[in-house]
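I have placed the structure first, in the form of structure tokens, so that the comments after it can refer back to it.
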Amino acid sequence: MIISIASGKGGTGKTTVATNLCASLDADFMLLDCDVEEPNAHLFLNPTFTGKERVNAPVPEVDLSLCTYCKKCMEICRYGAIAVAGETVMTFPELCHSCGGCAVVCPEKAITEIDRFIGTVETGTLSLPQNPSFGRGLMDIGQVMAPPVIRQVRQLEKEKDLTIIDAPPGTSCPVIASMKGADFVLLVTEPTPFGLHDLTLAVEAVKLLGIPCGLVINRAGIGNDDVKNYAQDENIPVLLEIPFDKQIASAYSKGELLVQALPAYKEKFKDLYTSIEAIVNRKGEA
Amino acid sequence: MKIAITSTGKDLDAQVDPRFGRAAYIIVVDTDTLDFEVIDNSENKNAFKGAGITAASSVCDKGAQVLITGFCGPNAFKTLDNAGVKVANDASGSIRDTIEDYKAGKFTFADDANAEGHW
């Protein structure tokens with residue numbers, strides 16, 4: 001089972017939920033930090049890193065001696081990553097989405113794909129009793145293309161029966177790359193107008209992917225009831241509420257887990273997992 | 001010589017469009033005869049990415065040796081520069097006046113982009 005923890009709005013508590021869920025599980029699992037622009041799950045779970053591999057993305061290189069400036073490469077690229085201007089061809093690797101289309105359509109075979117280094121995937125073990133596996137991606141400084149790094153992190157998934165994914169915020173390509181193929185998306189939100197606004201976008205994205213989802217309301221007690229009303233209208237179960245509590249904020253600020261500071265939460269996170277399992281199993285039977 | 005000017009309309013009385021990649025039109029005009037050709041940039045205006053790069057390629061196709069616009073971003077500048085097209089920025093007013101200003105030597109050519117790239 002793959003559980004992807006996403007949010008829409010940033011800073012709602014995805015990593016808090018992901019890391020505390022991990023620290024409460026009895027089963028063996030793997031945690032993947034797919035927030036490759038700024039991974040932070042390691043701050044709470046102190047993994048030991050043992051492996052590191054490079055992530056390369058193929059980008060075009062043009063042999064100008066073969067080019068006839070026909071522009072077919074430019075026409076197929078919707079990102080403007082390759083341009084014929086006068087008697088020159090320019091490539092913009094940072095805009096390239098590595099689809100390989102330009103090389104396919106070039107009638108002169110003037111385009112070859114070369115590897116461009118965009119990030120790293122690090123693997124290791126979490127300092128939890130069952131020694132779960134950990135993987136995270138890290139984009140190289142100056143890079144903007146997160147999905148290839150996320151996809152390479154997610155290749156680790158097949159190693160374990162249960163994978164928890166800490167997704168990036170938002171609803172754009174990196175988030176889709178972190179949710180696609182998951183069995184369940186756990187959406188973390190806060191009960192504020194901003195939280196609701198971005199939650200609505202995230203729910204739309206999850207619906208498009210056809211994945212069952214549930215809600216964690218973090219900082220419960222602030223804002224208003226609009227998130228709960230929305231969840232009810234949309235038939236999205238609220239699986240856990242974490243109150244706006246100084247003790248929780250204090251533990252977080254020291255890089256401590258909520259379940260360490262307030263051990264009673266361990267049961268709540270276990271229940272959260274049981275609820276998710278039940279929803280996924282029910283869908284499997286249907 | 002031919003110069004390209006970004007424009008909000010399709011004739012010489014239109015105003016300069018300060019944007020390059022997402023300008024409404026690009027007018028390519030012969031500075032001696034004032035004969036001109038209009039590039040409809042509307043498709044490019046709503047481009048997902050790389051609008052400046054594509055517009056730069058169109059300008060090169062039309063044989064313009066100079067581009068006059070308001071702001072030119074890094075990728076567009078790089079493309080034009082590579083193709084040998086000179087860029088003059090900070091233009092405003094009508095296309096007709098801009099042509100006269102150019103002929104009177106009132107523009108200086110940029111040696112770099114004068115707008116930030118964006119994602």
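Labels for the structure tokens follow display order: chains A, B, ..., residues from 1 in each chain, ligands from 1.
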Report as a VMD selection string the set of chain A residues whose atoms approach chain B to within 12 Å, with distances computed over only C-alpha atoms.
chain A and resid 69 to 71 74 to 75 77 to 97 143 to 145
Could you dump the residues just selected with N, CA and C atoms as a compact mmCIF listing (two decimals), in the first residue's frame?
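What follows is the written file part_12.txt:
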# COMPACT_ATOMS: atom_id res chain seq x y z
N TYR A 69 17.67 23.61 -40.18
CA TYR A 69 16.83 24.68 -39.60
C TYR A 69 15.35 24.52 -39.98
N CYS A 70 14.88 23.29 -40.03
CA CYS A 70 13.50 23.04 -40.46
C CYS A 70 12.48 23.37 -39.36
N LYS A 71 12.94 23.50 -38.14
CA LYS A 71 12.09 23.91 -37.00
C LYS A 71 11.15 22.84 -36.47
N MET A 74 11.46 22.61 -32.77
CA MET A 74 10.90 23.75 -32.07
C MET A 74 9.37 23.66 -32.01
N GLU A 75 8.78 23.18 -33.11
CA GLU A 75 7.32 23.10 -33.17
C GLU A 75 6.75 22.06 -32.21
N CYS A 77 8.05 21.20 -29.31
CA CYS A 77 8.34 21.49 -27.90
C CYS A 77 7.38 22.54 -27.35
N ARG A 78 6.56 22.15 -26.37
CA ARG A 78 5.60 23.12 -25.85
C ARG A 78 6.22 23.99 -24.75
N TYR A 79 7.47 23.75 -24.44
CA TYR A 79 8.12 24.53 -23.38
C TYR A 79 9.14 25.53 -23.91
N GLY A 80 9.28 25.61 -25.23
CA GLY A 80 10.25 26.53 -25.81
C GLY A 80 11.68 26.20 -25.43
N ALA A 81 11.96 24.92 -25.22
CA ALA A 81 13.29 24.53 -24.76
C ALA A 81 14.30 24.39 -25.89
N ILE A 82 13.82 24.49 -27.13
CA ILE A 82 14.73 24.43 -28.27
C ILE A 82 14.23 25.44 -29.31
N ALA A 83 15.13 26.25 -29.82
CA ALA A 83 14.69 27.33 -30.71
C ALA A 83 15.64 27.48 -31.89
N VAL A 84 15.04 27.59 -33.08
CA VAL A 84 15.81 27.90 -34.28
C VAL A 84 15.69 29.40 -34.48
N ALA A 85 16.83 30.07 -34.50
CA ALA A 85 16.80 31.52 -34.70
C ALA A 85 17.83 31.85 -35.75
N GLY A 86 17.35 32.21 -36.94
CA GLY A 86 18.27 32.43 -38.04
C GLY A 86 18.99 31.12 -38.34
N GLU A 87 20.30 31.17 -38.50
CA GLU A 87 21.03 29.94 -38.77
C GLU A 87 21.73 29.44 -37.52
N THR A 88 20.96 29.41 -36.45
CA THR A 88 21.51 28.86 -35.22
C THR A 88 20.38 28.15 -34.47
N VAL A 89 20.73 27.16 -33.67
CA VAL A 89 19.74 26.46 -32.85
C VAL A 89 20.19 26.58 -31.41
N MET A 90 19.27 27.01 -30.57
CA MET A 90 19.62 27.15 -29.16
C MET A 90 18.81 26.20 -28.33
N THR A 91 19.40 25.65 -27.30
CA THR A 91 18.64 24.81 -26.37
C THR A 91 18.64 25.48 -25.01
N PHE A 92 17.54 25.29 -24.29
CA PHE A 92 17.39 25.84 -22.94
C PHE A 92 17.11 24.66 -22.01
N PRO A 93 18.18 23.99 -21.56
CA PRO A 93 18.01 22.75 -20.80
C PRO A 93 17.13 22.92 -19.57
N GLU A 94 17.14 24.12 -18.96
CA GLU A 94 16.36 24.30 -17.74
C GLU A 94 14.85 24.31 -18.03
N LEU A 95 14.48 24.51 -19.30
CA LEU A 95 13.05 24.47 -19.65
C LEU A 95 12.63 23.09 -20.15
N CYS A 96 13.61 22.23 -20.45
CA CYS A 96 13.34 20.95 -21.08
C CYS A 96 12.68 19.97 -20.09
N HIS A 97 11.61 19.32 -20.54
CA HIS A 97 10.93 18.32 -19.72
C HIS A 97 11.31 16.89 -20.12
N GLN A 143 18.24 24.11 -10.09
CA GLN A 143 17.35 23.30 -10.95
C GLN A 143 15.90 23.62 -10.65
N VAL A 144 15.05 23.42 -11.65
CA VAL A 144 13.62 23.70 -11.44
C VAL A 144 12.73 22.49 -11.75
N MET A 145 13.31 21.43 -12.25
CA MET A 145 12.50 20.29 -12.70
C MET A 145 12.46 19.20 -11.63
For atom CA of A:Thr15 and atom CA of A:Ala167, determine how far apart the two atoms are, in Å to one decimal place.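 For atom CA of A:Thr15 relative to atom CA of A:Ala167, the distance reads 8.5 Å.
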Practice prompt. Using DSSP on the backbone coordinates, identify all residues within chain B classified as alpha helix (DSSP H); present the result as a ChimeraX atom specification.
Written response: /B:42-45,51-61,74-82,95-103
Contacts of B:Val29 at 8 Å or less, counting only C-alpha atoms, minus same-chain residues fewer than 4 places along, as a list in words?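 In the requested format, the answer is Lys2, Ile3, Ala4, Ile5, Leu34, Asp35, Phe36 and Glu37 of chain B.
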Can you spit out the residues from that selection as a compact mmCIF listing (two decimals), in the first residue's frame, using C-alpha atoms?
# COMPACT_ATOMS: atom_id res chain seq x y z
CA LYS B 2 14.31 45.95 -41.17
CA ILE B 3 13.53 46.49 -37.51
CA ALA B 4 10.99 44.72 -35.29
CA ILE B 5 8.88 46.63 -32.77
CA LEU B 34 8.00 52.25 -43.91
CA ASP B 35 6.62 49.09 -45.55
CA PHE B 36 5.70 46.77 -42.75
CA GLU B 37 4.58 43.28 -41.93
Could you name the residues that touch A:Ser7 at 7 Å or less, counting only C-alpha atoms, but leaving out those on the same chain fewer than 2 positions away, as a PyMOL selection string? chain A and resi 9-10+12+14+169-170+187-189+199+202
Neighbour list for A:Asn46 as a PDB file with N, CA and C atoms, in the first residue's frame, cut-off 10 Å, only C-alpha atoms, skip fewer than 6 positions in-chain:
ATOM      1  N   THR A 125      18.324   4.335   6.507  1.00  0.00           N
ATOM      2  CA  THR A 125      17.461   3.670   7.471  1.00  0.00           C
ATOM      3  C   THR A 125      17.060   4.676   8.535  1.00  0.00           C
ATOM      4  N   LEU A 126      15.799   4.584   8.958  1.00  0.00           N
ATOM      5  CA  LEU A 126      15.319   5.488   9.999  1.00  0.00           C
ATOM      6  C   LEU A 126      15.661   4.936  11.375  1.00  0.00           C
ATOM      7  N   SER A 127      15.904   5.851  12.316  1.00  0.00           N
ATOM      8  CA  SER A 127      16.227   5.395  13.670  1.00  0.00           C
ATOM      9  C   SER A 127      14.946   5.101  14.441  1.00  0.00           C
ATOM     10  N   LEU A 128      14.235   4.084  13.988  1.00  0.00           N
ATOM     11  CA  LEU A 128      13.025   3.607  14.664  1.00  0.00           C
ATOM     12  C   LEU A 128      13.224   2.106  14.903  1.00  0.00           C
ATOM     13  N   GLY A 255      12.597  19.890  16.844  1.00  0.00           N
ATOM     14  CA  GLY A 255      12.844  18.727  15.985  1.00  0.00           C
ATOM     15  C   GLY A 255      12.406  17.434  16.648  1.00  0.00           C
TER      16      GLY A 255
END
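Closest to B:Arg22 among B:Ala76, B:Met1, B:Val87, B:Leu67 is B:Ala76, based on only C-alpha atoms.
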Worksheet entry | Those of stretch 10-97 of chain B in DSSP strand (DSSP E or B), formatted as a ChimeraX atom specification | /B:15-16,25-30,36-40,66-68,86-88,94
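Minimum atom-to-atom distance to B:Ile68, evaluated using only C-alpha atoms, belongs to B:Val16 out of B:Ala115, B:Ala24, B:Val16, B:Ala104.
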